[in-house]
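Shown next: structure21.tsv, containing TSV, C-alpha atoms.
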chain	number	residue	atom	x	y	z
A	1	GLN	CA	-106.12	-24.59	174.59
A	2	VAL	CA	-109.84	-24.04	174.22
A	3	GLN	CA	-111.53	-26.09	171.54
A	4	LEU	CA	-114.87	-25.42	169.86
A	5	VAL	CA	-117.37	-27.84	168.39
A	6	SER	CA	-120.22	-26.41	166.38
A	7	SER	CA	-123.41	-28.07	165.26
A	8	GLY	CA	-126.67	-27.24	163.58
A	9	GLY	CA	-127.10	-25.63	160.22
A	10	GLY	CA	-128.60	-27.24	157.16
A	11	SER	CA	-130.93	-26.22	154.37
A	12	VAL	CA	-134.12	-24.20	154.69
A	13	GLN	CA	-136.41	-22.13	152.53
A	14	ALA	CA	-136.45	-18.36	152.74
A	15	GLY	CA	-138.35	-17.20	155.78
A	16	GLY	CA	-137.44	-20.29	157.74
A	17	SER	CA	-135.35	-20.71	160.86
A	18	LEU	CA	-132.23	-22.58	161.88
A	19	ARG	CA	-130.26	-22.83	165.09
A	20	LEU	CA	-126.52	-23.18	165.42
A	21	SER	CA	-124.78	-24.28	168.58
A	22	CYS	CA	-121.18	-24.02	169.68
A	23	ALA	CA	-119.67	-25.84	172.64
A	24	ALA	CA	-116.44	-24.57	174.19
A	25	SER	CA	-114.06	-26.79	176.15
A	26	GLY	CA	-112.81	-23.99	178.39
A	27	TYR	CA	-113.26	-20.44	179.61
A	28	THR	CA	-113.74	-17.75	177.00
A	29	TYR	CA	-113.98	-13.98	177.14
A	30	CYS	CA	-115.99	-13.50	174.00
A	31	MET	CA	-117.86	-15.85	171.71
A	32	GLY	CA	-118.82	-14.99	168.18
A	33	TRP	CA	-120.28	-16.27	164.96
A	34	PHE	CA	-118.82	-15.45	161.58
A	35	ARG	CA	-119.88	-16.47	158.09
A	36	GLN	CA	-118.29	-16.74	154.70
A	37	ALA	CA	-120.32	-16.92	151.53
A	38	ALA	CA	-118.85	-18.32	148.35
A	39	GLY	CA	-116.53	-15.81	146.75
A	40	LYS	CA	-116.78	-13.36	149.63
A	41	GLU	CA	-114.71	-12.45	152.64
A	42	ARG	CA	-115.61	-13.79	156.03
A	43	GLU	CA	-117.72	-11.38	158.07
A	44	GLY	CA	-118.74	-11.12	161.69
A	45	VAL	CA	-122.39	-11.80	162.43
A	46	ALA	CA	-122.80	-11.66	166.19
A	47	ALA	CA	-120.89	-11.89	169.44
A	48	ILE	CA	-121.68	-12.26	173.10
A	49	ASN	CA	-119.79	-11.56	176.30
A	50	PRO	CA	-120.28	-14.77	178.30
A	51	ARG	CA	-120.00	-12.99	181.63
A	52	SER	CA	-122.31	-10.04	181.07
A	53	GLY	CA	-124.53	-11.57	178.41
A	54	THR	CA	-124.17	-8.44	176.31
A	55	ALA	CA	-124.74	-9.26	172.66
A	56	TYR	CA	-123.64	-7.49	169.51
A	57	TYR	CA	-125.03	-7.89	165.99
A	58	ALA	CA	-124.12	-6.91	162.47
A	59	ASP	CA	-126.68	-4.65	160.84
A	60	SER	CA	-127.50	-7.33	158.27
A	61	VAL	CA	-128.87	-9.71	160.93
A	62	THR	CA	-130.20	-7.37	163.61
A	63	GLY	CA	-133.78	-8.24	164.45
A	64	ARG	CA	-133.53	-11.67	162.79
A	65	PHE	CA	-130.69	-13.44	164.59
A	66	ALA	CA	-130.26	-13.92	168.32
A	67	ILE	CA	-127.11	-15.09	170.08
A	68	SER	CA	-127.48	-16.65	173.51
A	69	GLN	CA	-125.36	-18.44	176.06
A	70	ASP	CA	-125.72	-21.32	178.46
A	71	ASN	CA	-122.91	-20.94	180.95
A	72	ALA	CA	-123.74	-24.21	182.66
A	73	LYS	CA	-123.13	-26.08	179.42
A	74	ASN	CA	-120.52	-23.61	178.14
A	75	THR	CA	-122.38	-23.28	174.87
A	76	VAL	CA	-123.38	-20.39	172.68
A	77	ASP	CA	-126.27	-20.65	170.25
A	78	LEU	CA	-127.25	-18.58	167.24
A	79	GLN	CA	-130.97	-18.60	166.51
A	80	MET	CA	-131.54	-17.51	162.94
A	81	ASN	CA	-135.04	-16.47	161.94
A	82	SER	CA	-136.52	-14.97	158.78
A	83	LEU	CA	-133.63	-16.39	156.82
A	84	LYS	CA	-132.84	-14.95	153.43
A	85	PRO	CA	-130.94	-16.46	150.48
A	86	GLU	CA	-128.15	-13.97	151.19
A	87	ASP	CA	-127.65	-15.64	154.58
A	88	THR	CA	-126.32	-18.70	152.74
A	89	ALA	CA	-122.76	-19.26	153.91
A	90	MET	CA	-120.42	-21.39	155.95
A	91	TYR	CA	-120.87	-20.31	159.55
A	92	TYR	CA	-117.99	-20.42	162.02
A	93	CYS	CA	-118.03	-20.25	165.77
A	94	ALA	CA	-115.10	-18.39	167.29
A	95	ALA	CA	-113.84	-17.65	170.76
A	96	ALA	CA	-111.54	-15.16	172.40
A	97	ALA	CA	-109.70	-16.93	175.20
A	98	ASP	CA	-106.86	-14.48	175.82
A	99	PRO	CA	-107.23	-12.73	179.20
A	100	SER	CA	-105.03	-9.84	178.03
A	101	LEU	CA	-107.94	-8.64	175.90
A	102	GLY	CA	-109.35	-7.02	179.01
A	103	GLY	CA	-112.87	-8.18	178.45
A	104	TYR	CA	-113.31	-6.55	175.04
A	105	CYS	CA	-115.97	-8.31	173.05
A	106	TYR	CA	-117.39	-7.57	169.62
A	107	PHE	CA	-117.98	-9.43	166.35
A	108	GLY	CA	-114.74	-8.12	164.99
A	109	PRO	CA	-111.98	-7.82	164.15
A	110	GLU	CA	-111.24	-11.48	163.47
A	111	ALA	CA	-107.88	-11.10	165.18
A	112	LEU	CA	-109.77	-10.81	168.47
A	113	PHE	CA	-110.70	-14.47	168.16
A	114	GLY	CA	-107.90	-16.98	168.62
A	115	VAL	CA	-109.96	-20.16	168.53
A	116	TRP	CA	-112.19	-21.28	165.68
A	117	GLY	CA	-114.68	-24.06	165.20
A	118	GLN	CA	-114.91	-26.30	162.15
A	119	GLY	CA	-117.70	-24.47	160.34
A	120	THR	CA	-121.21	-25.53	159.49
A	121	GLN	CA	-123.07	-24.87	156.25
A	122	VAL	CA	-126.29	-22.89	156.11
A	123	THR	CA	-128.17	-22.84	152.81
A	124	VAL	CA	-131.29	-20.75	152.27
A	125	SER	CA	-133.25	-21.30	149.09
A	126	SER	CA	-135.65	-18.81	147.57

Using the file provided, produce a representation of the structure as structure tokens.
Amino acid sequence: QVQLVSSGGGSVQAGGSLRLSCAASGYTYCMGWFRQAAGKEREGVAAINPRSGTAYYADSVTGRFAISQDNAKNTVDLQMNSLKPEDTAMYYCAAAADPSLGGYCYFGPEALFGVWGQGTQVTVSS
């Protein structure tokens, strides 16, 4: 069973940057980041296919966030720039480790991802 350990996050003023990192203990077919703001449903933010490096982004973060991989370390990072107060949320790393998925990778639906990290808080003040 693949396990995920996420790190990073914290508090920053609007316009600032933060970097999240997620380390996987085994092989994954898709890695993604989700977030859940207080009182809202969890939403997909970005995903990356670890083999091809193809990345996918939600419209709300396109041009500001960048997801990247380090296959040697089996980690996936989320670089978040030009942060806005509406980016404030608990961020979760997730992985799809089921080979029957046939290599499908996207930042949703959540059911695609069978393994979840512990979550890390990101707070952006205005």

What's around A:Trp116 at 9 Å? Count all atoms listed in the file, leave out sequence neighbours fewer than 2 positions away in its own chain, and write the answer as a PDB file with C-alpha atoms, keeping the file's coordinate frame.
ATOM      1  CA  GLN A   3    -111.530 -26.090 171.540  1.00  0.00           C
ATOM      2  CA  LEU A   4    -114.870 -25.420 169.860  1.00  0.00           C
ATOM      3  CA  VAL A   5    -117.370 -27.840 168.390  1.00  0.00           C
ATOM      4  CA  TYR A  92    -117.990 -20.420 162.020  1.00  0.00           C
ATOM      5  CA  CYS A  93    -118.030 -20.250 165.770  1.00  0.00           C
ATOM      6  CA  ALA A  94    -115.100 -18.390 167.290  1.00  0.00           C
ATOM      7  CA  ALA A  95    -113.840 -17.650 170.760  1.00  0.00           C
ATOM      8  CA  PHE A 113    -110.700 -14.470 168.160  1.00  0.00           C
ATOM      9  CA  GLY A 114    -107.900 -16.980 168.620  1.00  0.00           C
ATOM     10  CA  GLN A 118    -114.910 -26.300 162.150  1.00  0.00           C
ATOM     11  CA  GLY A 119    -117.700 -24.470 160.340  1.00  0.00           C
TER      12      GLY A 119
END

In terms of the shortest atom-to-atom distance over only C-alpha atoms, which of A:Ala58, A:Asn71, A:Gly9, A:Gly16 is closest to A:Phe34?
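Ranked by minimum distance to A:Phe34, first place goes to A:Ala58.
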
When distances are computed from only C-alpha atoms, which of A:Val76, A:Ala96, A:Ser11, A:Ala89 shows the smallest separation from A:Pro109?
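Smallest distance to A:Pro109 is found for A:Ala96.
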
Have a look at A:Pro85, A:Gly63, A:Gly53, A:Gly10 and name the one nearest to A:Ala37; count only C-alpha atoms.
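Closest candidate: A:Pro85.
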
Within 12 Å of A:Thr88 using all atoms listed in the file, minus same-chain residues under 4 positions, as a tab-separated table (two decimals) with C-alpha atoms, keeping the file's coordinate frame:
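File part.tsv, as written:
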chain	number	residue	atom	x	y	z
A	9	GLY	CA	-127.10	-25.63	160.22
A	10	GLY	CA	-128.60	-27.24	157.16
A	11	SER	CA	-130.93	-26.22	154.37
A	12	VAL	CA	-134.12	-24.20	154.69
A	13	GLN	CA	-136.41	-22.13	152.53
A	14	ALA	CA	-136.45	-18.36	152.74
A	18	LEU	CA	-132.23	-22.58	161.88
A	35	ARG	CA	-119.88	-16.47	158.09
A	36	GLN	CA	-118.29	-16.74	154.70
A	37	ALA	CA	-120.32	-16.92	151.53
A	38	ALA	CA	-118.85	-18.32	148.35
A	39	GLY	CA	-116.53	-15.81	146.75
A	40	LYS	CA	-116.78	-13.36	149.63
A	80	MET	CA	-131.54	-17.51	162.94
A	83	LEU	CA	-133.63	-16.39	156.82
A	84	LYS	CA	-132.84	-14.95	153.43
A	120	THR	CA	-121.21	-25.53	159.49
A	121	GLN	CA	-123.07	-24.87	156.25
A	122	VAL	CA	-126.29	-22.89	156.11
A	123	THR	CA	-128.17	-22.84	152.81
A	124	VAL	CA	-131.29	-20.75	152.27
A	125	SER	CA	-133.25	-21.30	149.09
A	126	SER	CA	-135.65	-18.81	147.57

Write out as a PyMOL selection string each polymer residue whose atoms come within 7 Å of A:Ile48, counting only C-alpha atoms; drop sequence neighbours fewer than 3 positions from it.
chain A and resi 30-32+53-56+67+105

Measuring atom to atom with only C-alpha atoms, identify which of A:Tyr29, A:Asn74, A:Ala97, A:Ala66 is nearest to A:Val45.
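Between A:Tyr29, A:Asn74, A:Ala97, A:Ala66, the residue approaching A:Val45 most closely is A:Ala66.
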
Quick one, how far is atom CA of A:Ser82 from atom CA of A:Val115?
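Calculated distance between atom CA of A:Ser82 and atom CA of A:Val115 is 28.8 Å.
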
Of the residues A:Ser21, A:Val2, A:Ser7, A:Arg51, which is the one nearest to A:Tyr104, using only C-alpha atoms?
A:Arg51

Distance in Å - atom CA of A:Glu43 versus atom CA of A:Ala72:
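Those two atoms sit 28.4 Å apart.
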
So how far away is atom CA of A:Gln79 from atom CA of A:Ala23, in Å?
14.8 Å

Return the single residue from A:Lys73, A:Ala46, A:Phe107, A:Ser68 that is closest to A:Ser25, with distances computed using only C-alpha atoms.
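Ranked by minimum distance to A:Ser25, first place goes to A:Lys73.
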